[in-house]
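To start, the structure itself, in structure tokens.
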Amino acid sequence: MFHTDEIILAGFGGQGVLSMGQVLSYAAIIDAKETTWMPSYGPEMRGGTANCIVIISDRRISSPIITRFDSGIILNQPSLEKFESAIKKDGFLFYEESTIITPPAREDLTVLKIPAIKEAELMKKKQVANMIMLGAFLEIKPVVSMDSVLKALKKVLPERHHHLIPLNEQAILRGRELAAQQIQMTV
Amino acid sequence: MFHTDEIILAGFGGQGVLSMGQVLSYAAIIDAKETTWMPSYGPEMRGGTANCIVIISDRRISSPIITRFDSGIILNQPSLEKFESAIKKDGFLFYEESTIITPPAREDLTVLKIPAIKEAELMKKKQVANMIMLGAFLEIKPVVSMDSVLKALKKVLPERHHHLIPLNEQAILRGRELAAQQIQMTV
Amino acid sequence: MSTDVLTQELQQGFDCVYEKPDTLTDTRFHYCPGCGHGVAHRILMETIQELGIAEQTVGVAPVGCSVFAYHYMNIDMQEAAHGRACAVATGVKRVLPDRYVFTYQGDGDLAAIGTAETIHAVNRGENILIVFINNAIYGMTGGQMAPTTLAKMVTSTTPYGRETDWIGFPLKMTDLVAHLPGAYYVTRQAVHTPNAVRKAKKAIRNAFEYQKLNKGTCFVEIVSNCPSGWKMNPSDSNKWLEENMLPFYPLGDLKVPEKA
Amino acid sequence: MSTDVLTQELQQGFDCVYEKPDTLTDTRFHYCPGCGHGVAHRILMETIQELGIAEQTVGVAPVGCSVFAYHYMNIDMQEAAHGRACAVATGVKRVLPDRYVFTYQGDGDLAAIGTAETIHAVNRGENILIVFINNAIYGMTGGQMAPTTLAKMVTSTTPYGRETDWIGFPLKMTDLVAHLPGAYYVTRQAVHTPNAVRKAKKAIRNAFEYQKLNKGTCFVEIVSNCPSGWKMNPSDSNKWLEENMLPFYPLGDLKVPEKA
Amino acid sequence: MIKGYIEINKDICKGCELCIEACPQGSLRLSTHINTRGYRYVELVEQNCTGCTNCALVCPDVAITVFREQKPKKAV
Amino acid sequence: MIKGYIEINKDICKGCELCIEACPQGSLRLSTHINTRGYRYVELVEQNCTGCTNCALVCPDVAITVFREQKPKKAV
Amino acid sequence: MQEQISKEREIRLMKGNEALAEAAIRAGMHAYFGYPITPQSEILEYLTEQMPKRNFKVLQAESEVASINMIYGAAGAGARVMTTSSSPGISLMQEGLSYIASAELPCVVANVVRGGPGLGTIQPSQGDYFQAVKGGGHGDYRLIVLAPNSVQEMADFVFDGFRLAEKYRNPVMILTDGALGQMMEKVALPPEGSLEHVVPEWATVGKPKTREPNIITSLFIEPEKMQAVNIHLQKKYKTIEENEIRYEEYHTEDAEIILTAFGLSSRLCQKAVDLAREAGIKVGLLRPITLFPFPYQRISELAHDAKAFLTVEMNAGQMVEDVRLAVNGKKPVFFTGKMGGIIPSPEEILAKVEEMAANINNLTEVER
Amino acid sequence: MQEQISKEREIRLMKGNEALAEAAIRAGMHAYFGYPITPQSEILEYLTEQMPKRNFKVLQAESEVASINMIYGAAGAGARVMTTSSSPGISLMQEGLSYIASAELPCVVANVVRGGPGLGTIQPSQGDYFQAVKGGGHGDYRLIVLAPNSVQEMADFVFDGFRLAEKYRNPVMILTDGALGQMMEKVALPPEGSLEHVVPEWATVGKPKTREPNIITSLFIEPEKMQAVNIHLQKKYKTIEENEIRYEEYHTEDAEIILTAFGLSSRLCQKAVDLAREAGIKVGLLRPITLFPFPYQRISELAHDAKAFLTVEMNAGQMVEDVRLAVNGKKPVFFTGKMGGIIPSPEEILAKVEEMAANINNLTEVER
Ligand SMILES: Cc1ncc(C[n+]2csc(CCOP(=O)(O)OP(=O)(O)O)c2C)c(N)n1
Ligand SMILES: Cc1ncc(C[n+]2csc(CCOP(=O)(O)OP(=O)(O)O)c2C)c(N)n1
Ligand code: SF4
Ligand code: SF4
Ligand code: SF4
Ligand code: SF4
């Protein structure tokens, strides 16, 4: 059987959800998989939420716009409210701890609450919270190889930020650790 | 059999060929016939020639734009050159004498050369040359009733020129005389 | 917020000295935090409220960030095609000459694609109010260069700064229309400080009062910010406006009616 | 008329001091008798001949009576959509920056439907020459009101005279563009007398010479007649022009380059 | 000094801070909480509000209502 | 006085009479004949043309060619 | 038509353009916005001349883009409005028309078609059928399209146009051509004021306290909302298709060959039918009067007994696609036409018909 | 497609809009003129960002009307040029497009379609098929219309577009949509400079003494001349129809039900075919790649063995008319679609297919 992963990544504009999705998609290409990355666009983004849908598959992807997802990576409250119900039964939900007031209610989901912003602050670089989330996601859902993710980072980050690549790598690894710990705890 | 008359009226702009045609068409309506009046239009008129096609028929007229005519009423040299060949075999050609340098060459046509401008000058109103031509035409080709023509004049002339109606009537009658004389001469 | 609730909450011995006018609906503005559109909306609708002309007013919204103005303004409104608000307003005013008609337009709408409609409406002296929000950028579509974008200013379509030698110069549309005989009252205002807001509101009030006289077009430019497009926080954007926009677009009246 | 024939005919001891330039084709103008378009065409093409730039020049014809300009001008030309000559010329100039590019436009074309394209081309300082024939009427379509039609002037769409209070005012487009920083040289000329023709030709020559400098747009208005549209004979039309057009559209330079 | 107070609709406030800057008394500050739309909203802290309406004048979201102490009424 | 003469292309002339007006010498007049396009064309009548080119300058139809007496050449 | 003309009608000889303008005044048009273009400038000229004497407003706009948006504004304000132009000018109105259709504003737009593409020629043409009928603007919308074939109908269809526009809150296009605009024929004019008008309740005329704001818009940013609007529009178009199809038949009863043609070409075809009938060929004519809604069903019925169809147009073949869709392969459908402002003659059509008749049981369409 | 990608191609993850822009640069575009509009503003943004580093010109025009006329000027001057917009902006270009087609100027115009009509929504749609394919402007003209269905094709079709435009002196439209413009996918970019360009001899580049003036015009005032131009254009379109039809088939060999869809919808259909095949239903897909010229003949051939057709579009049913014209009554043709920016899901299509399959020998089209 062919395999497909459908992921929604959502948060406020500026939290880096779009580039998080791009790293996933780029890594998929490096892994020789098919992929689409589809952002929400237009004025709805204005000061509000930003999200993107990433699909990674063994074969050609039909629509880049879908309404049900295998996993969600959620970085703010409005997005959680919008997308919690859009995650497929028994799917995965990763959310950033400090931005969520009312945690998800669904019981079928595997839910991971990642203190990404706190951890990023510990790393002295608030901006890498998204990579911590990404790492956490990849620990549980290794939809692309870690090797490719690290290569993808180079492609997605603009040249002028390439000095931050090691930090981003670190953040991804930190995210993996956090997820691994949490899963063990819940198990 | 149904009867149709197809007439081309042509000359320089300002000679009144368009209103001559309108008088014909209006008279046709009064005679309860079908009629169309179609002017040449657009920049080709600029300072150059003006012409209109009048069709009068017992039944519905298909195209208002045709390329072969039963009769031609011609008021300048370029128009003669343009339309002489467009008159049907054995048709009728009425031309204003003083404006034509090279007279028509076709032998099948009944040709009447009317000194309309000279006569109009005699009547102290250059502008009625067109009505003299119309009168001449109607004498030979009574496509509408004279009664209706006189009524039509009132409709076609703008209100402010209504005092000129008697003069125009006179001109039409003068045209008829001229044509009658000429036909007799040729016969 | 309805007056009832306020009355209840009102502390003894206090008057309500500022509240949202009824001419604004309860719909929240979708504008970015700190965006001048909100203030401009508010003073426009306050004026209509204060003049008591809401029932006689028809507004025309543009295409731009303020495309949804009709969600907020509690009056009859039309949404015009991009750049055509002045033509639409002309259509309205010609068939409803006794109504107050205004357009509310951004700089891309009014001074780029709508240049001809703007100039000709003013030249005809259409008896309308044109509110022109000049934020030197296309906010709605994501921060592209507007005709009013300042020289050297960075936008998403002038990533290296507006190079006037080949892209063209910031266009002072308000100055242009002030030259037209159809213009009756032309002024440039701003809304970045309390005082500026007071003055801008007065200008709008003047404009509506002049509209009664049937003497020609009133044109009120409001120099405004676009924190998102300019990629600044609201407070910095207002500072930038003061330091960069106002020297080039100085505030004040460009044409005032001659005294009777 | 080719030079050969002239030479043959030339009387001993006489020089030819005026003849049709080679930059005009042998096609007869379709213009009405006495129409200023002919003179404007001629001086434009004479200048191109005299400057020796025919091979480097691309012209843009408008929609209007001069729509057929390309039949007469013996150079590469494009026929633009109504009002869009400035946009078309921009397209040409941007890809052929070392060519001389000009538009030739009537008042309806340039100042009504083409207002936005005109203003923005000048505002960008497109390095082109815009020749603007202002005859205060739409000649081509049969004498309708133009934006430049004078107050009270009778046209086929202002049969009772242009009533400025509801149709709008005659638009001084040249004055408007002179305010734009992209304009380098802006002048208003006429061609109704020998002297006016000489001056107008000089203005066109200036414009082409400035184009070499790459400093912005040159804009030459030519106040002209339309005997057909005005319903006058040519000589009366020129008198009318002198008495009515020139007081409102006074001749002279509106913007000249600063001395280096 | 005249006394005043303001009410801030915290669900509407977008935390643009323009009112904070506009307040001549320095009576306003950003809350540490966020509202349902994710914005830190503004709150009145210092009790020195004069009801000058400056904050309301610059508030782009019409989030502020202003109250001012009644002037003693003149005797009729 | 300088001597000159002009040639008028009578097929091109539209008889607008602008050259007649422009001629300071009054050398031009309308012919009584019409050309192939129906216009009375212009002709040079008075032999007092100075070759000033005024007629050609105002002629909208480029119908006029102007000749002028050669100035005696300066000795080289 | 002729028979229906009541006694109260005033008879005149008029140009099609003038008849249309006069009819608009009599139909109670409140305002007209337009820009000159041959061959329809007489409309604006006629109206400016009449304006001081009668009760309506005219404004010469700065362009066709401005005209159509003025129409938008005035229609939105509840007025009965019209604009007219010819091909290039109508192309400039496509954005505005799409807005008007989406905002559901009633108005009449006449296209006095000239030969294209481009600046083209000013002579009559039918080259804008696709644009009018399939939608030259963006998105799924429909104009109600009426195609007059006489000066009388140039007048009558203005009344029909306003009636339909207001009944369905939909723009109506009168698709005519330069010949019909420029020619004079007899026209019997309906009396002034014979078409009732009420200010629609949705119009932006100033909001009284008693109702919610009226909003004229075509913006529906959420796709679900836009979808709902589209579904509503499609339903409306369906209703129009059910109720408003108009066509005329001429000798179709026993026809083996059915000519189909609209507007001016239908007159040429009528003549061709006469000529062919005289020559003993069984030919008939179906003339769609409404181009949208199109008489698909009637053509489909005729395809039962007829042996072949010939569509005649003054273009490269546009309506013929709709005829083919209607016939749907039941019988071969042929096309003949003239382009660039030339009018095919009845004789040419006859020749084509004779050719078909000679081979009537053996006709096959060329494979596409 | 995938297989053809040569080793020299650079692989990137790109938005469709960016891929199109980057491809235009690599295809040797000389100049781009455009105006911002969602969902395609990235094209202008990308190009202004790249301009100082590469060899081409960009100008942000004052409007779409200006853009298309700048394109006219630059194309007439012999340059390889492009403009892009989205639905409302493309409507504003209709006059200009008609001029460009008539003057026979090569250029590429991309329409990143959004939901209409009117201001509509900014979400993806296919509502502009009629406008692109039948002609939204006036007169008889055709755009060559290419419909990509992937980011890869957003890039590739720019090359094809310029090639076809220049081969036939005809404007080419890339008809895509907001989803294809905004989404990122893998794209293999052809190397820069791989598409040859010669300045055409008809271009207005300044007339040397040795030749007659070059004139770019669409004005042919005499109807005979205009007719000749039209005949020439129609012949050219015929040649294009003979040589340039492109389509893709998927499992059509034994298909009883043929889906037809272009652009994004064809991807949904491909998925639906997979799902249906899994369920044992014999379904295939024909995807027209060129919308003009349209693969009428291939569809007509398929109509032989297939039992029914289902056209799937993101509109109210536009291409379905061309499918019907091709099938010409041989088999029933059904339609399903979503409007207003909504993308139909493969499951919805599957449901429709299953419904048809259940009744496969008894299907009849609703009478129109
Ligand atoms: C015909 C057309 N072209 C382009 C657009 C896209 N568009 C929407 S708003 C806008 C510009 C907005 O800028 P501005 O008018 O300055 O207003 P702001 O958003 O800054 O308030 C553009 C180009 C459109 N909707 N329609
Ligand atoms: C889009 C469009 N609208 C209208 C026209 C009709 N039209 C042709 S020329 C013209 C105006 C001509 O007037 P002007 O520009 O003043 O030039 P003139 O003829 O007076 O020299 C108009 C309205 C057209 N061809 N295209
Ligand atoms: S994008 Fe700019 S103009 Fe638009 S709402 Fe945001 S700040 Fe205001
Ligand atoms: S109509 Fe007027 S502008 Fe046109 S050629 Fe005649 S005189 Fe000249
Ligand atoms: S100005 Fe208004 S929106 Fe901004 S922080 Fe103050 S209360 Fe909130
Ligand atoms: S100016 Fe020229 S066209 Fe006019 S009369 Fe003289 S020669 Fe003839």
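A note on labels: chains of the structure tokens are A, B, ... as shown, every chain counts residues from 1, and ligands are counted from 1 in their shown order.
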
(Q) Neighbouring residues of ligand 2 are defined here as those with any atom at most 7 Å from a ligand atom, counting only C-alpha atoms and all ligand atoms; list them as a ChimeraX atom specification. (A) /D:63-66,81-82,105-110,133-141,146 /G:35-38,63-64,88-89,92,119

Long-range neighbours of Leu268 in chain H as an mmCIF file with N, CA and C atoms, in the first residue's frame, 7 Å cut-off, only C-alpha atoms, 3 positions minimum in chain:
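Generated output (out01.cif):
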```cif
data_model
loop_
_atom_site.group_PDB
_atom_site.id
_atom_site.type_symbol
_atom_site.label_atom_id
_atom_site.label_comp_id
_atom_site.auth_asym_id
_atom_site.auth_seq_id
_atom_site.Cartn_x
_atom_site.Cartn_y
_atom_site.Cartn_z
ATOM 1 N N SER A 62 -3.118 14.517 -5.157
ATOM 2 C CA SER A 62 -4.168 15.171 -5.957
ATOM 3 C C SER A 62 -4.363 16.601 -5.481
ATOM 4 N N SER A 63 -5.167 16.793 -4.464
ATOM 5 C CA SER A 63 -5.431 18.168 -4.048
ATOM 6 C C SER A 63 -4.503 18.601 -2.933
ATOM 7 N N LEU H 264 -6.034 21.861 -12.094
ATOM 8 C CA LEU H 264 -6.087 21.241 -10.779
ATOM 9 C C LEU H 264 -7.123 20.122 -10.704
ATOM 10 N N SER H 265 -8.279 20.330 -11.313
ATOM 11 C CA SER H 265 -9.318 19.282 -11.211
ATOM 12 C C SER H 265 -8.844 17.969 -11.775
ATOM 13 N N LYS H 271 -6.899 10.983 -8.891
ATOM 14 C CA LYS H 271 -7.091 10.282 -7.612
ATOM 15 C C LYS H 271 -8.415 9.517 -7.627
ATOM 16 N N ALA H 272 -9.441 10.164 -8.148
ATOM 17 C CA ALA H 272 -10.749 9.500 -8.201
ATOM 18 C C ALA H 272 -10.683 8.255 -9.075
ATOM 19 N N SER H 345 -13.614 17.210 -3.854
ATOM 20 C CA SER H 345 -12.696 16.183 -3.362
ATOM 21 C C SER H 345 -12.787 14.945 -4.252
ATOM 22 N N PRO H 346 -11.697 14.172 -4.316
ATOM 23 C CA PRO H 346 -11.729 12.933 -5.099
ATOM 24 C C PRO H 346 -12.882 12.030 -4.654
#
```

Q: Could the residues of chain C within 7 Å of chain E, counting only C-alpha atoms, be given as a PyMOL selection string, please?
A: chain C and resi 13-20+28-29+33-36+38-39+192-194+197+234-235

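Here CA of Ile75 in chain C and CA of Ile167 in chain D stand 28.6 Å from one another.
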
Q | Every residue of range 3-170 of chain A that DSSP places in helix (DSSP H, G or I), as JSON, numbers by chain | A | {"A": [17, 18, 19, 20, 21, 22, 23, 24, 25, 26, 27, 28, 29, 30, 43, 44, 45, 77, 78, 79, 80, 81, 82, 83, 84, 85, 86, 97, 98, 99, 116, 117, 118, 119, 120, 121, 122, 126, 127, 128, 129, 130, 131, 132, 133, 134, 135, 136, 137, 138, 139, 140, 146, 147, 148, 149, 150, 151, 152, 153, 154, 155, 156, 159, 160, 161, 162, 163, 164, 165, 166, 167, 168, 169, 170]}
